[in-house]
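Visitor: Got a structure for you, questions after.
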Amino acid sequence: MAGSSGEGRGPSCNPPCALENFEDCLSEAKRRGTQVCVFLDYDGTLSPIVNDPDKAEMSEEMRRAVNRVSEKFRTSIISGRALEKVKNFVKLDHLYYAGSHGLDIEGPAPPPKERDEGEDEPSVSHRPPGLDIELVREVRHILEQKTKGIQGVTIEDNKFCCSVHFRNSSPDSIGDIEAIVRDVVEAKGLQMKKGRKVFEVRPQITWNKGHALSYLLNTVFKLADEESFPIYLGDDKTDEDAFAKIKEMGTGCGILVSTVVKPTVASYSVREPRDVLAFLEKLAVWDC
Ligand SMILES: [Mg+2]
């Protein structure tokens with residue numbers, strides 16, 4: 001089990017360990033014969049969190065495990081990173097990818113037997129309407145200007161959103177960074193969410209990792225909720241939207257990756273990426 005006691009009135013422990021309860025975690029999929037689909041966050045889930053986000057490489061061992069899982073189940077990567085950047089990290093072309101927190105979805109064409117009759121379907125590509133890449137670019141430039149005097153701040157271009165990383169900043173300056181981001185985001189009509197040593201700046205549209213999960217299941221894989229069993233592993237606040245979607249569906253398994261106790265709607269947990277690796281290795285040989 002992960003972590004020690006929580007603070008204040010928060011939870012005292014994370015949900016049960018997905019490794020120790022592996023069969024329980026998947027028992028419903030086995031009992032109902034529903035299709036397991038695997039969704040994986042990238043940073044802090046497949047790769048360790050590192051000081052330089054550009055160096056968040058995943059191990060060959062992890063890549064092999066993801067690949068083996070993808071030979072058995074439809075597998076998607078859902079990340080806050082720009083689509084191209086996360087694809088370059090994972091380097092598995094046959095997977096489905098949702099970059100920019102699910103705003104930018106891409107993947108191979110479904111097999112012919114799953115296409116609508118007579119249709120020669122191209123590969124999958126989807127972006128929700130209302131995305132304003134110019135506005136996000138403008139906000140990124142303003143944030144770069146306003147934070148350039150604060151040591152350790154880096155602003156990452158995630159195409160349809162951006163991340164203000166403060167992992168390398170002094171704890172004393174975090175309040176100032178947050179105030180700057182909040183002011184700019186409010187003035188420009190965007191939204192922000194605090195993640196692990198990062199402020200995520202996103203468009204003010206109703207589309208998150210949960211919507212990306214539903215889109216992939218229902219529209220791309222053509223599975224009704226009751227036919228599918230999504231497994232989602234993620235470590236941060238934006239992953240909670242996907243956990244919440246799974247909870248709302250009433251089927252599937254959300255797995256929080258965390259060494260510390262934190263509020264979550266996930267049903268299971270593991271502690272860190274090496275546990276994710278162990279989980280994926282078990283899943284690859286699971287007798288479904
Ligand atoms: Mg993450």
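Chain labels follow the order of the structure tokens: the first chain is A, the next B, and so on; residue numbering restarts at 1 in every chain, and ligands are counted from 1 in their shown order.
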Can you check which parts of chain A lie within 8 Å of ligand 1? Per residue, the shortest pair of atoms and distance in Å to one decimal, counting only C-alpha atoms and all ligand atoms, sorted by chain and number, as a tab-separated table.
Guide:
```
residue	atom	partner	partner_atom_place_in_ligand_line	distance
A:Asp41	CA	ligand 1	1 (Mg)	5.5
A:Tyr42	CA	ligand 1	1 (Mg)	5.5
A:Asp43	CA	ligand 1	1 (Mg)	4.0
A:Gly44	CA	ligand 1	1 (Mg)	4.6
A:Thr45	CA	ligand 1	1 (Mg)	5.8
A:Ser79	CA	ligand 1	1 (Mg)	7.0
A:Gly80	CA	ligand 1	1 (Mg)	7.6
A:Gly234	CA	ligand 1	1 (Mg)	5.7
A:Asp235	CA	ligand 1	1 (Mg)	4.9
A:Asp236	CA	ligand 1	1 (Mg)	5.2
A:Asp239	CA	ligand 1	1 (Mg)	7.4
```
Visitor: May I have the residues within 6 Å of Tyr97 of chain A as an NGL selection string, using only C-alpha atoms and disregarding those fewer than 3 positions away in the same chain?
Guide: :A and (76-77 or 105-106)
Visitor: What is the atom CA of Ile49 of chain A to atom CA of Glu61 of chain A distance in Å?
Guide: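 Between atom CA of Ile49 of chain A and atom CA of Glu61 of chain A the gap works out to 16.9 Å.
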Visitor: Neighbouring residues of Val181 of chain A were defined as those with any atom within 8 Å, considering only C-alpha atoms; residues of the same chain fewer than 2 positions away were excluded. Please report them as a PyMOL selection string.
Guide: chain A and resi 143+177-179+183-185+192+199
Visitor: Using DSSP on the backbone coordinates, identify all residues within segment 5-182 of chain A classified as alpha helix (DSSP H); present the result as a ChimeraX atom specification.
Guide: /A:22-32,60-72,83-90,133-147,174-182
Visitor: Tell me, which residues of segment 18-215 of chain A carry DSSP strand (DSSP E), written as number ranges by chain?
Guide: A: 35-40, 74-78, 96-99, 104-107, 124-126, 154-157, 162-165, 191-195, 198-202
Visitor: Would you mind exporting the chosen residues as a CSV table (one decimal), in the first residue's frame, restricted to N, CA and C atoms?
Guide:
```
chain,number,residue,atom,x,y,z
A,35,GLN,N,-14.2,-6.1,-23.5
A,35,GLN,CA,-12.9,-5.8,-24.1
A,35,GLN,C,-12.1,-4.9,-23.3
A,36,VAL,N,-10.9,-5.4,-22.9
A,36,VAL,CA,-10.0,-4.6,-22.2
A,36,VAL,C,-9.3,-3.6,-23.1
A,37,CYS,N,-9.3,-2.3,-22.8
A,37,CYS,CA,-8.6,-1.3,-23.5
A,37,CYS,C,-7.7,-0.6,-22.5
A,38,VAL,N,-6.4,-0.4,-22.9
A,38,VAL,CA,-5.4,0.2,-22.0
A,38,VAL,C,-5.1,1.6,-22.3
A,39,PHE,N,-5.2,2.5,-21.3
A,39,PHE,CA,-4.8,3.9,-21.5
A,39,PHE,C,-3.7,4.3,-20.5
A,40,LEU,N,-2.7,4.9,-21.0
A,40,LEU,CA,-1.5,5.2,-20.2
A,40,LEU,C,-1.1,6.7,-20.3
A,74,ARG,N,-6.1,-3.1,-27.2
A,74,ARG,CA,-5.9,-1.7,-27.8
A,74,ARG,C,-5.3,-0.8,-26.7
A,75,THR,N,-4.3,-0.1,-27.1
A,75,THR,CA,-3.5,0.6,-26.2
A,75,THR,C,-3.3,2.1,-26.6
A,76,SER,N,-3.5,3.0,-25.7
A,76,SER,CA,-3.5,4.4,-26.1
A,76,SER,C,-2.6,5.2,-25.0
A,77,ILE,N,-1.9,6.2,-25.5
A,77,ILE,CA,-1.2,7.1,-24.6
A,77,ILE,C,-1.9,8.4,-24.5
A,78,ILE,N,-2.3,8.8,-23.3
A,78,ILE,CA,-3.0,10.1,-23.1
A,78,ILE,C,-2.1,11.0,-22.2
A,96,TYR,N,-2.4,4.4,-30.2
A,96,TYR,CA,-3.2,5.6,-30.3
A,96,TYR,C,-2.7,6.6,-29.4
A,97,TYR,N,-2.6,7.9,-29.8
A,97,TYR,CA,-2.1,8.9,-28.9
A,97,TYR,C,-3.1,10.0,-28.8
A,98,ALA,N,-3.2,10.6,-27.6
A,98,ALA,CA,-3.9,11.8,-27.3
A,98,ALA,C,-3.0,12.8,-26.6
A,99,GLY,N,-2.5,13.8,-27.4
A,99,GLY,CA,-1.6,14.8,-26.8
A,99,GLY,C,-2.4,16.0,-26.3
A,104,ASP,N,-5.7,16.5,-28.8
A,104,ASP,CA,-5.1,16.2,-30.1
A,104,ASP,C,-4.9,14.7,-30.2
A,105,ILE,N,-5.9,14.0,-31.0
A,105,ILE,CA,-5.9,12.6,-31.0
A,105,ILE,C,-5.5,12.0,-32.3
A,106,GLU,N,-4.7,11.0,-32.3
A,106,GLU,CA,-4.2,10.4,-33.6
A,106,GLU,C,-4.0,8.9,-33.4
A,107,GLY,N,-4.2,8.2,-34.5
A,107,GLY,CA,-3.9,6.7,-34.4
A,107,GLY,C,-4.1,6.1,-35.8
A,124,VAL,N,-6.9,7.7,-37.9
A,124,VAL,CA,-7.7,8.5,-37.0
A,124,VAL,C,-7.0,9.9,-36.6
A,125,SER,N,-7.8,10.9,-36.7
A,125,SER,CA,-7.3,12.2,-36.3
A,125,SER,C,-8.5,13.1,-35.8
A,126,HIS,N,-8.4,13.6,-34.6
A,126,HIS,CA,-9.5,14.3,-34.0
A,126,HIS,C,-9.0,15.5,-33.1
A,154,THR,N,10.4,27.0,-16.3
A,154,THR,CA,10.5,26.7,-17.8
A,154,THR,C,9.1,26.5,-18.3
A,155,ILE,N,8.9,27.1,-19.5
A,155,ILE,CA,7.5,27.0,-20.0
A,155,ILE,C,7.6,26.1,-21.3
A,156,GLU,N,6.8,25.0,-21.2
A,156,GLU,CA,6.8,24.0,-22.3
A,156,GLU,C,5.7,24.3,-23.2
A,157,ASP,N,6.0,24.2,-24.5
A,157,ASP,CA,5.0,24.4,-25.6
A,157,ASP,C,4.3,23.0,-25.8
A,162,CYS,N,-0.1,24.8,-22.6
A,162,CYS,CA,1.3,24.9,-22.2
A,162,CYS,C,1.5,24.6,-20.7
A,163,SER,N,2.7,24.3,-20.4
A,163,SER,CA,3.0,23.9,-19.0
A,163,SER,C,4.0,24.8,-18.4
A,164,VAL,N,3.7,25.4,-17.2
A,164,VAL,CA,4.7,26.2,-16.5
A,164,VAL,C,5.3,25.4,-15.4
A,165,HIS,N,6.5,24.9,-15.7
A,165,HIS,CA,7.2,24.0,-14.7
A,165,HIS,C,8.0,24.8,-13.7
A,191,GLN,N,-7.8,28.4,-18.9
A,191,GLN,CA,-7.9,27.8,-17.5
A,191,GLN,C,-6.6,27.2,-17.1
A,192,MET,N,-6.4,27.2,-15.8
A,192,MET,CA,-5.2,26.5,-15.3
A,192,MET,C,-5.5,25.5,-14.2
A,193,LYS,N,-4.6,24.5,-14.2
A,193,LYS,CA,-4.7,23.4,-13.2
A,193,LYS,C,-3.4,23.1,-12.6
A,194,LYS,N,-3.3,23.0,-11.3
A,194,LYS,CA,-2.0,22.7,-10.7
A,194,LYS,C,-1.7,21.2,-10.7
A,195,GLY,N,-0.5,20.8,-11.3
A,195,GLY,CA,-0.1,19.4,-11.3
A,195,GLY,C,1.1,19.2,-10.4
A,198,VAL,N,3.9,21.8,-11.5
A,198,VAL,CA,3.6,22.4,-12.8
A,198,VAL,C,2.2,23.0,-12.8
A,199,PHE,N,2.1,24.2,-13.5
A,199,PHE,CA,0.8,24.8,-13.7
A,199,PHE,C,0.4,24.5,-15.2
A,200,GLU,N,-0.7,23.8,-15.4
A,200,GLU,CA,-1.1,23.4,-16.7
A,200,GLU,C,-2.1,24.5,-17.2
A,201,VAL,N,-1.8,25.1,-18.3
A,201,VAL,CA,-2.6,26.2,-18.9
A,201,VAL,C,-3.3,25.6,-20.2
A,202,ARG,N,-4.6,25.6,-20.1
A,202,ARG,CA,-5.4,25.0,-21.2
A,202,ARG,C,-6.5,25.9,-21.7
```
Visitor: With distances taken over only C-alpha atoms, which of A:Val261, A:Leu95, A:Val86, A:Leu19 is nearest to Lys72 of chain A?
Guide: A:Leu95
Visitor: For a quick check of understanding, using only C-alpha atoms, which of A:Phe221, A:Phe243, A:Tyr268, A:Phe160 has the smallest distance to Gln204 of chain A?
Guide: A:Phe160
Visitor: Tell me, as a list in words, which residues lie within 12 Å of Glu71 of chain A, counting only C-alpha atoms; anything in the same chain fewer than 5 positions away does not count.
Guide: Cys37, Val38, Arg64, Ala65, Val66, Leu92, His94, Leu95, Leu280, Leu283, Ala284 and Val285 of chain A
Visitor: Taking into account only C-alpha atoms, which residue in the set A:Arg127, A:Lys209, A:Lys30, A:Arg271 is nearest to His101 of chain A?
Guide: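 Using only C-alpha atoms, His101 of chain A sits closest to A:Lys209.
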Visitor: Any idea what's packed within 12 Å of Ile180 of chain A, counting only C-alpha atoms, ignoring anything in its chain fewer than 6 positions away? Could you give it as a PyMOL selection string?
Guide: chain A and resi 139-140+142-148+150+153+164+173-174+186-187+192+199+201
